[in-house]
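S.K.: Structure file work-v6.txt (compact mmCIF, C-alpha atoms) is given on the next line.
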```txt
# COMPACT_ATOMS: atom_id res chain seq x y z
CA MET J 210 123.35 87.74 114.44
CA LYS J 211 120.33 86.08 112.82
CA ALA J 212 117.21 88.17 112.36
CA ILE J 213 113.63 87.18 111.57
CA GLY J 214 111.38 89.81 110.04
CA ILE J 215 107.65 90.08 110.67
CA ILE J 216 105.70 92.31 108.25
CA CYS J 217 102.81 93.67 110.25
CA GLU J 218 100.31 96.41 110.98
CA TYR J 219 99.48 95.62 114.63
CA ASN J 220 96.16 97.40 114.16
CA PRO J 221 95.87 96.89 117.08
CA PHE J 222 98.42 94.62 118.77
CA HIS J 223 96.70 91.57 120.29
CA ASN J 224 97.30 88.10 121.74
CA GLY J 225 97.67 86.51 118.31
CA HIS J 226 100.61 88.78 117.52
CA SER J 227 102.18 88.06 120.89
CA HIS J 228 101.72 84.32 120.25
CA GLN J 229 103.65 84.57 116.99
CA LEU J 230 106.51 86.53 118.56
CA HIS J 231 106.82 84.24 121.57
CA THR J 232 106.64 81.16 119.35
CA LEU J 233 109.59 82.53 117.40
CA SER J 234 111.38 83.25 120.67
CA ASN J 235 111.00 79.59 121.68
CA THR J 236 111.80 78.02 118.31
CA HIS J 237 114.57 80.48 117.31
CA PRO J 238 115.95 81.80 120.61
CA ASP J 239 119.11 83.24 119.05
CA ALA J 240 117.26 85.26 116.41
CA VAL J 241 116.33 88.92 116.79
CA ARG J 242 112.67 89.62 115.95
CA ILE J 243 112.31 92.67 113.69
CA ALA J 244 108.82 94.06 113.08
CA ILE J 245 108.40 95.88 109.75
CA MET J 246 105.27 97.78 110.74
CA SER J 247 102.92 100.03 108.81
CA GLY J 248 102.95 103.53 110.22
CA SER J 249 100.04 105.93 110.47
CA PHE J 250 98.03 104.41 107.59
CA VAL J 251 97.38 100.75 106.81
CA GLN J 252 96.77 98.69 103.70
CA ARG J 253 92.98 98.68 104.06
CA GLY J 254 93.20 102.33 103.04
CA GLU J 255 92.64 104.26 106.25
CA PRO J 256 94.49 105.47 109.35
CA ALA J 257 95.53 102.87 111.90
CA TYR J 258 93.33 102.99 115.01
CA PHE J 259 96.25 103.97 117.28
CA SER J 260 99.41 105.93 116.51
CA LYS J 261 102.51 104.18 115.22
CA PHE J 262 104.37 105.36 118.32
CA ASP J 263 101.96 103.58 120.68
CA ARG J 264 101.75 100.46 118.50
CA ALA J 265 105.56 100.22 118.29
CA ARG J 266 105.87 100.41 122.08
CA TRP J 267 103.25 97.68 122.52
CA ALA J 268 105.05 95.50 119.97
CA ILE J 269 108.27 95.61 122.00
CA TYR J 270 106.43 94.74 125.21
CA GLY J 271 104.66 91.99 123.25
CA GLY J 272 107.83 90.24 122.09
CA ALA J 273 109.48 92.18 119.24
CA ASP J 274 113.09 93.39 119.57
CA VAL J 275 113.04 96.17 116.96
CA VAL J 276 110.22 98.01 115.20
CA ILE J 277 110.93 99.67 111.85
CA GLU J 278 108.29 101.75 110.07
CA LEU J 279 107.23 100.72 106.58
CA PRO J 280 106.94 103.98 104.60
CA THR J 281 103.37 105.08 103.94
CA VAL J 282 103.68 104.87 100.18
CA TYR J 283 104.06 101.08 100.65
CA SER J 284 101.78 100.56 103.64
CA LEU J 285 98.95 102.15 101.63
CA GLY J 286 99.79 100.33 98.41
CA SER J 287 98.20 97.45 96.59
CA ALA J 288 99.01 94.00 97.95
CA GLU J 289 101.87 93.78 95.46
CA LEU J 290 103.38 97.16 96.39
CA PHE J 291 102.87 96.57 100.12
CA CYS J 292 104.66 93.21 99.99
CA THR J 293 107.48 94.19 97.63
CA GLY J 294 108.19 97.33 99.64
CA ALA J 295 108.39 95.39 102.89
CA ILE J 296 110.53 92.61 101.41
CA ARG J 297 112.96 95.09 99.83
CA LEU J 298 113.19 96.93 103.16
CA MET J 299 114.07 93.63 104.84
CA LYS J 300 116.77 93.01 102.24
CA ALA J 301 118.25 96.48 102.78
CA LEU J 302 118.40 95.74 106.52
CA HIS J 303 119.97 92.29 105.96
CA ILE J 304 117.06 90.48 107.63
CA ASN J 305 117.55 86.93 106.38
CA SER J 306 114.24 85.27 107.35
CA ILE J 307 110.56 86.16 107.29
CA SER J 308 107.80 84.79 109.50
CA PHE J 309 104.08 85.14 108.87
CA GLY J 310 100.89 83.57 110.10
CA SER J 311 99.38 80.97 107.79
CA GLU J 312 96.47 78.58 107.88
CA LEU J 313 98.57 76.09 105.88
CA ASN J 314 101.35 73.92 107.23
CA ASN J 315 102.71 73.02 103.79
CA ASN J 316 105.19 75.69 102.76
CA MET J 317 105.88 74.13 99.35
CA VAL J 318 102.32 74.82 98.20
CA LEU J 319 102.98 78.55 98.49
CA HIS J 320 106.43 78.37 96.86
CA GLU J 321 105.08 76.42 93.88
CA ALA J 322 102.21 78.86 93.47
CA ALA J 323 104.56 81.85 93.66
CA GLU J 324 106.85 80.37 91.02
CA PHE J 325 103.96 79.94 88.57
CA LEU J 326 102.40 83.35 89.24
CA ASN J 327 105.73 85.09 88.65
CA THR J 328 106.12 83.52 85.19
CA LYS J 329 104.89 85.24 82.00
CA GLN J 330 102.22 82.54 81.74
CA GLY J 331 100.99 83.32 85.23
CA GLN J 332 101.03 87.09 84.71
CA ASP J 333 99.20 86.77 81.39
CA ALA J 334 96.55 84.59 83.03
CA ILE J 335 95.96 87.20 85.74
CA GLN J 336 95.68 90.01 83.19
CA ARG J 337 93.16 88.05 81.11
CA GLN J 338 90.95 87.77 84.18
CA VAL J 339 91.38 91.46 85.04
CA ARG J 340 90.24 92.38 81.53
CA THR J 341 86.89 90.71 82.26
CA GLY J 342 86.21 93.52 84.74
CA VAL J 343 87.05 91.86 88.07
CA SER J 344 89.44 93.19 90.71
CA TYR J 345 93.06 92.08 90.85
CA GLY J 346 92.39 90.02 93.99
CA THR J 347 89.51 88.15 92.35
CA ALA J 348 91.60 87.59 89.22
CA LEU J 349 94.46 86.21 91.30
CA ARG J 350 92.19 83.75 93.13
CA GLN J 351 90.64 82.60 89.85
CA VAL J 352 94.08 81.92 88.36
CA ILE J 353 95.20 80.09 91.51
CA ALA J 354 92.07 77.92 91.37
CA GLU J 355 92.55 77.08 87.69
CA HIS J 356 96.33 76.74 87.35
CA VAL J 357 97.92 76.01 90.74
CA ARG J 358 98.08 72.57 92.29
CA ASN J 359 96.15 72.58 95.59
CA GLY J 360 95.02 76.10 94.74
CA GLU J 361 91.78 75.71 96.66
CA LEU J 362 93.81 75.37 99.89
CA ILE J 363 95.40 78.77 99.28
CA ASN J 364 92.17 80.48 98.23
CA ASN J 365 90.46 79.38 101.43
CA ALA J 366 93.26 80.78 103.60
CA PRO J 367 93.45 84.62 103.68
CA ASN J 368 96.75 84.71 105.58
CA ALA J 369 98.30 82.15 103.26
CA LEU J 370 97.31 84.39 100.33
CA LEU J 371 99.22 87.25 101.92
CA GLY J 372 102.14 84.92 102.61
CA LEU J 373 102.04 83.95 98.94
CA GLU J 374 102.51 87.61 97.99
CA TYR J 375 105.51 87.83 100.33
CA ILE J 376 107.08 84.78 98.70
CA ARG J 377 106.39 86.17 95.22
CA ALA J 378 108.13 89.40 96.19
CA ALA J 379 111.05 87.49 97.73
CA GLN J 380 111.51 85.42 94.56
CA GLN J 381 111.85 88.67 92.61
CA TYR J 382 113.88 90.80 95.04
CA PHE J 383 115.37 88.64 97.81
CA ASN J 384 115.74 85.05 96.68
CA ASP J 385 117.89 84.07 99.68
CA LEU J 386 115.12 84.95 102.15
CA SER J 387 114.03 81.93 104.19
CA VAL J 388 110.43 81.44 105.34
CA VAL J 389 109.31 80.62 108.90
CA PRO J 390 105.50 80.20 108.89
CA ILE J 391 103.50 80.18 112.12
CA THR J 392 100.12 78.43 112.21
CA ARG J 393 97.35 81.03 112.37
CA GLN J 394 95.31 80.79 115.56
CA SER J 395 92.28 82.96 114.70
CA SER J 396 89.78 83.85 112.00
CA HIS J 397 91.44 86.56 109.91
CA HIS J 398 88.36 88.55 108.96
CA SER J 399 85.75 87.57 111.55
CA PRO J 400 83.96 90.73 112.76
CA LEU J 401 82.99 89.05 116.05
CA LEU J 402 84.78 88.43 119.32
CA PRO J 403 83.50 84.95 120.31
CA TYR J 404 83.32 84.32 124.02
CA GLY J 405 86.45 82.64 125.27
CA GLN J 406 88.42 83.24 122.05
CA GLU J 407 91.92 84.18 123.08
CA PHE J 408 93.20 85.02 119.59
CA PRO J 409 90.84 87.49 117.90
CA SER J 410 91.01 88.98 114.42
CA GLY J 411 92.14 92.56 114.01
CA THR J 412 88.80 93.26 112.33
CA ALA J 413 86.88 92.09 115.40
CA LEU J 414 89.07 94.07 117.78
CA ARG J 415 88.69 97.30 115.80
CA GLU J 416 84.92 96.83 115.71
CA ALA J 417 84.87 96.24 119.46
CA LEU J 418 86.92 99.37 120.07
CA ILE J 419 84.62 101.45 117.86
CA GLN J 420 81.67 100.17 119.90
CA TYR J 421 83.48 101.06 123.18
CA LYS J 422 83.69 97.42 124.27
CA ALA J 423 86.39 96.16 126.63
CA ILE J 424 89.19 94.23 124.91
CA ASP J 425 91.22 93.25 127.98
CA SER J 426 90.84 89.49 127.34
CA TYR J 427 92.30 89.77 123.86
CA VAL J 428 95.37 91.94 124.54
CA PRO J 429 98.58 90.85 126.36
CA ALA J 430 98.58 91.62 130.06
CA SER J 431 101.91 93.42 129.61
CA ILE J 432 100.26 96.24 127.64
CA ILE J 433 96.57 96.32 128.58
CA ASP J 434 96.95 99.11 131.17
CA ASP J 435 98.82 101.24 128.63
CA VAL J 436 96.22 100.50 125.94
CA ASN J 437 93.41 101.55 128.25
CA ARG J 438 95.32 104.70 129.20
CA VAL J 439 95.61 105.68 125.52
CA ILE J 440 91.92 104.91 124.96
CA LYS J 441 90.97 107.05 127.96
CA SER J 442 93.05 109.93 126.58
CA GLY J 443 91.14 109.79 123.27
CA ALA J 444 94.31 109.25 121.20
CA TYR J 445 92.60 106.96 118.70
CA VAL J 446 90.99 107.53 115.32
CA ASP J 447 87.42 108.74 114.97
CA TYR J 448 86.59 107.21 111.59
CA GLU J 449 83.48 109.35 111.12
CA ARG J 450 85.61 112.45 111.51
CA TYR J 451 88.13 111.01 109.01
CA GLN J 452 85.40 110.23 106.46
CA ASP J 453 83.87 113.70 106.77
CA MET J 454 87.30 115.21 106.17
CA LEU J 455 87.84 113.01 103.09
CA HIS J 456 84.44 113.97 101.73
CA GLY J 457 85.26 117.66 102.07
CA ILE J 458 88.69 117.30 100.44
CA ASN J 459 87.39 115.28 97.52
CA ARG J 460 84.39 117.51 96.87
CA LEU J 461 86.87 120.31 96.06
CA LEU J 462 88.96 118.28 93.57
CA SER J 463 88.48 118.52 89.80
CA THR J 464 88.70 115.53 87.47
CA VAL J 465 92.07 116.84 86.24
CA GLU J 466 93.40 116.89 89.81
CA LEU J 467 91.96 113.46 90.61
CA GLU J 468 93.54 111.86 87.54
CA ARG J 469 97.03 112.63 88.90
CA TYR J 470 96.57 110.46 91.97
CA GLY J 471 97.43 106.79 92.31
CA ASP J 472 94.98 104.21 90.95
CA PHE J 473 92.75 106.76 89.19
CA THR J 474 92.54 105.02 85.81
CA GLU J 475 89.99 104.17 83.12
CA GLY J 476 88.15 107.45 83.63
CA ILE J 477 87.13 106.60 87.21
CA GLU J 478 87.82 110.24 88.12
CA TYR J 479 84.57 111.31 86.37
CA ARG J 480 82.52 108.80 88.33
CA TRP J 481 84.34 109.89 91.50
CA TYR J 482 83.73 113.58 90.86
CA GLN J 483 80.00 113.03 90.34
CA ALA J 484 79.70 110.89 93.48
CA MET J 485 81.00 113.70 95.67
CA ARG J 486 77.60 115.42 95.39
CA GLN J 487 76.29 112.79 97.82
CA THR J 488 75.54 114.02 101.35
CA ASN J 489 77.91 111.56 103.05
CA TRP J 490 81.05 109.56 102.35
CA THR J 491 79.42 106.12 102.63
CA ASP J 492 76.89 106.92 99.89
CA ALA J 493 79.62 108.43 97.72
CA LEU J 494 81.70 105.23 97.85
CA GLU J 495 78.61 103.13 97.17
CA GLU J 496 78.03 105.11 93.99
CA ILE J 497 81.63 104.69 92.81
CA LYS J 498 82.10 100.99 93.64
CA THR J 499 82.30 98.43 90.81
CA LYS J 500 83.55 94.85 90.56
CA ARG J 501 87.03 96.11 89.76
CA TYR J 502 87.03 99.01 92.20
CA THR J 503 86.46 97.34 95.56
CA TYR J 504 85.86 99.27 98.78
CA ALA J 505 89.44 98.63 99.93
CA ARG J 506 90.80 99.99 96.65
CA LEU J 507 88.53 103.05 96.86
CA ARG J 508 89.64 103.73 100.44
CA ARG J 509 93.28 103.62 99.30
CA MET J 510 92.52 105.99 96.44
CA ALA J 511 90.81 108.41 98.84
CA ALA J 512 93.85 108.31 101.12
CA TYR J 513 96.04 109.09 98.09
CA THR J 514 94.03 112.27 97.49
CA ALA J 515 94.41 113.37 101.11
CA LEU J 516 98.14 112.60 101.27
CA HIS J 517 98.95 113.76 97.73
CA ILE J 518 100.25 110.38 96.57
CA THR J 519 100.47 110.68 92.80
CA LYS J 520 100.97 108.07 90.09
CA SER J 521 104.54 109.26 89.57
CA ILE J 522 105.41 108.82 93.26
CA LEU J 523 103.99 105.28 93.26
CA GLN J 524 105.96 104.44 90.11
CA GLU J 525 109.17 105.73 91.68
CA ALA J 526 108.50 103.77 94.87
CA HIS J 527 107.94 100.58 92.90
CA MET J 528 111.05 101.10 90.79
CA LEU J 529 113.50 102.24 93.47
CA GLY J 530 112.25 100.52 96.63
CA PRO J 531 112.41 101.96 100.18
CA GLN J 532 114.94 104.77 100.56
CA TYR J 533 115.29 104.66 104.36
CA ALA J 534 114.34 102.70 107.47
CA ARG J 535 112.77 104.66 110.29
CA LEU J 536 113.48 103.21 113.73
CA LEU J 537 110.46 103.42 116.04
CA ALA J 538 111.36 101.26 119.06
CA PHE J 539 113.88 98.68 120.29
CA ASN J 540 115.05 96.77 123.37
CA GLN J 541 118.52 95.64 124.44
CA ARG J 542 118.64 92.72 122.01
CA GLY J 543 117.53 95.08 119.28
CA ARG J 544 120.19 97.60 120.24
CA THR J 545 122.88 94.93 119.86
CA TRP J 546 121.55 93.99 116.42
CA LEU J 547 121.39 97.64 115.31
CA LYS J 548 125.01 98.23 116.37
CA HIS J 549 126.33 95.33 114.33
CA LYS J 550 124.38 95.94 111.12
CA THR J 551 125.43 98.03 108.12
CA PRO J 552 122.21 98.47 106.11
CA SER J 553 122.29 99.65 102.51
CA ILE J 554 119.87 102.53 103.26
CA PRO J 555 119.93 105.19 106.00
CA VAL J 556 118.37 104.33 109.37
CA ILE J 557 116.38 107.36 110.54
CA GLN J 558 116.35 108.12 114.25
CA LYS J 559 115.96 111.91 114.40
CA TRP J 560 113.29 113.25 112.04
CA ALA J 561 114.86 116.72 111.81
CA LYS J 562 117.99 115.18 110.27
CA ALA J 563 116.15 112.76 107.96
CA HIS J 564 115.85 114.99 104.88
CA SER J 565 119.62 115.48 104.71
CA MET J 566 120.18 111.71 104.77
CA VAL J 567 118.01 110.51 101.87
CA SER J 568 117.61 110.75 98.10
CA ILE J 569 115.14 112.98 96.27
CA CYS J 570 112.69 110.08 96.13
CA GLY J 571 113.33 109.49 99.83
CA LYS J 572 112.42 113.11 100.58
CA GLU J 573 109.06 112.60 98.85
CA MET J 574 108.46 109.47 100.94
CA LEU J 575 109.36 111.31 104.14
CA CYS J 576 106.95 114.11 103.27
CA ILE J 577 104.13 111.59 102.79
CA ASP J 578 104.98 109.89 106.10
CA MET J 579 104.78 113.22 107.90
CA LYS J 580 101.44 114.08 106.27
CA ALA J 581 100.12 110.66 107.28
CA THR J 582 101.15 111.19 110.92
CA ASP J 583 99.61 114.66 110.99
CA LEU J 584 96.40 113.59 109.28
CA GLN J 585 95.91 110.61 111.59
CA ALA J 586 96.40 112.84 114.65
CA TYR J 587 93.96 115.40 113.23
CA VAL J 588 91.16 112.80 113.25
CA PHE J 589 91.80 111.51 116.77
CA LYS J 590 88.78 111.44 119.06
CA ALA J 591 89.98 113.90 121.68
CA PRO J 592 90.84 117.46 120.61
CA ALA J 593 93.80 117.48 123.02
CA ALA J 594 95.33 114.52 121.15
CA ARG J 595 95.27 116.26 117.76
CA THR J 596 98.73 117.81 117.94
CA GLY J 597 100.64 118.23 114.71
CA HIS J 598 104.24 117.55 113.67
CA ASP J 599 104.62 114.69 116.15
CA ASP J 600 107.30 113.12 113.93
CA PHE J 601 109.69 115.92 114.93
CA ARG J 602 109.04 115.42 118.64
CA TYR J 603 109.49 111.65 118.60
CA SER J 604 112.70 109.75 119.32
CA PRO J 605 112.98 105.96 119.02
CA GLN J 606 111.76 104.34 122.22
CA TYR J 607 114.27 102.23 124.11
CA ILE J 608 112.28 99.76 126.20
CA GLU J 609 113.71 97.40 128.80
CA THR J 610 111.92 94.05 128.70
```
Would you kindly transcribe this structure into structure tokens?
M.R.:
Amino acid sequence: MKAIGIICEYNPFHNGHSHQLHTLSNTHPDAVRIAIMSGSFVQRGEPAYFSKFDRARWAIYGGADVVIELPTVYSLGSAELFCTGAIRLMKALHINSISFGSELNNNMVLHEAAEFLNTKQGQDAIQRQVRTGVSYGTALRQVIAEHVRNGELINNAPNALLGLEYIRAAQQYFNDLSVVPITRQSSHHSPLLPYGQEFPSGTALREALIQYKAIDSYVPASIIDDVNRVIKSGAYVDYERYQDMLHGINRLLSTVELERYGDFTEGIEYRWYQAMRQTNWTDALEEIKTKRYTYARLRRMAAYTALHITKSILQEAHMLGPQYARLLAFNQRGRTWLKHKTPSIPVIQKWAKAHSMVSICGKEMLCIDMKATDLQAYVFKAPAARTGHDDFRYSPQYIET
């Protein structure tokens, strides 16, 4: 049974995501659509706006057949760790194709770029740029512009850049993976919801939600009532509450403690420690930020301190790859696929049994996932929604579609 994987965050799920899934349904009707979805935290370095349990349910109603959680240690990682973790999880689950949104319709441009960037020459070129003091992302774009044919097309296409990282990871860990790109229908980073725009960016939707604006026009009709129900219940993240909590946690940490956490290098812990004297989190980050340490990187580092993600855990995760696949939701087609697959890692359905099913490294990953779920719930808007240990109470959702 053929499967197509979609690496996603669905933060939140919107019409653009539904368009991709239904396009795949039309063009590959025999293939099962498997969403590899970030859980409670996302790659921008903060909690997802809604819980992974709600987002997984909406994904099934929106066109996915199975939703598998990407462990937090990968969902919060650098672009490289995020992509390699997701690709290796797909390989372990025997998902033989990947689909992603892209502004480009020429797949070979991305494959050629990936091949160069994965060579020693490409890696050395990136490191030379990094040594000038710029961030990894800036260094990567500079190398693409200078060394890759049609590099300007990639650099002007944010989704294609992410697709490039997927292909780079596949060339290293899953060379048989085939690529099914879908033309992107919206502006990836636009903070605005233009009137009449059916396919918004996730950035614009999150900003609208924070400002208490209606998003009904931008979310599939099949889920909008449920989305509004969750919003009304207050089961969504209050980012001011989250930032205040981070500020308190980090004000208590010493430079020795900070240095243990992921991405704290080059003595940045001293700058970080001093910045915590600021009266608010925004001013603290402003004081720490440099060309190399972007806001997204700083947000990830802050999340590492809250979730106790150390350098050693990140190194293990990069070396060993995902140690389990947590099933969040599925429909009948997904159930058929799950029954006929023999993955190379455990598939977690009951959280209480998970620790007995995984390796020592897997136990560390599970612990981080549970902390992420609990921390996200703790910063929900409504006090009644801030229950802890929800992972233990949750069973995979079977949804008839």
S.K.: Calculate how many Å separate CA of Gly443 in chain J from CA of Phe589 in chain J, rounding to one decimal.
M.R.: 6.8 Å
S.K.: I'd like to know which of J:Ala413, J:Ala322, J:Ala563, J:Ile569 is closest to Gly372 in chain J, using only C-alpha atoms.
M.R.: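 Distance minimum relative to Gly372 in chain J lands on J:Ala322.
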S.K.: Determine the nearest neighbour of Leu575 in chain J from the options J:Val588, J:Ile363, J:Leu494, J:Ile518, counting only C-alpha atoms.
M.R.: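 Distance minimum relative to Leu575 in chain J lands on J:Ile518.
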S.K.: Got a sec to check which residues sit within 9 Å of (83.8, 118.6, 88.0), counting only C-alpha atoms, and write them as a PyMOL selection string?
M.R.: chain J and resi 460-465+479+482-483
S.K.: Those selected residues, please, written with C-alpha atoms and delivered as a JSON list (two decimals), in the frame of the given file.
M.R.:
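Contents of again07.json, freshly written:
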```json
[["chain", "number", "residue", "atom", "x", "y", "z"],
["J", 460, "ARG", "CA", 84.39, 117.51, 96.87],
["J", 461, "LEU", "CA", 86.87, 120.31, 96.06],
["J", 462, "LEU", "CA", 88.96, 118.28, 93.57],
["J", 463, "SER", "CA", 88.48, 118.52, 89.80],
["J", 464, "THR", "CA", 88.70, 115.53, 87.47],
["J", 465, "VAL", "CA", 92.07, 116.84, 86.24],
["J", 479, "TYR", "CA", 84.57, 111.31, 86.37],
["J", 482, "TYR", "CA", 83.73, 113.58, 90.86],
["J", 483, "GLN", "CA", 80.00, 113.03, 90.34]]
```
S.K.: Check the smallest atom-to-atom distance from each of J:Phe539, J:Phe601, J:Ser306, J:Gly294 to Met210 in chain J using only C-alpha atoms, then report the winner.
M.R.: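 Closest to Met210 in chain J, using only C-alpha atoms: J:Ser306.
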S.K.: Kindly indicate which residue among J:Gln532, J:Thr488, J:Asn365, J:Thr281 lies nearest to Lys572 in chain J, using only C-alpha atoms for the distances.
M.R.: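 Using only C-alpha atoms, the shortest distance to Lys572 in chain J belongs to J:Gln532.
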S.K.: For a test of reading the model, state the distance in Å between CA of Leu285 in chain J and CA of Val251 in chain J, rounded to one decimal.
M.R.: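 For CA of Leu285 in chain J relative to CA of Val251 in chain J, the distance reads 5.6 Å.
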S.K.: Between J:Tyr345, J:Tyr603, J:Trp481, J:Tyr219, which residue has the minimum interatomic distance to Val276 in chain J, considering only C-alpha atoms?
M.R.: J:Tyr219
S.K.: Check the smallest atom-to-atom distance from each of J:Tyr504, J:Tyr270, J:Tyr445, J:Tyr513 to Phe473 in chain J using all atoms listed in the file, then report the winner.
M.R.: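 Distance minimum relative to Phe473 in chain J lands on J:Tyr513.
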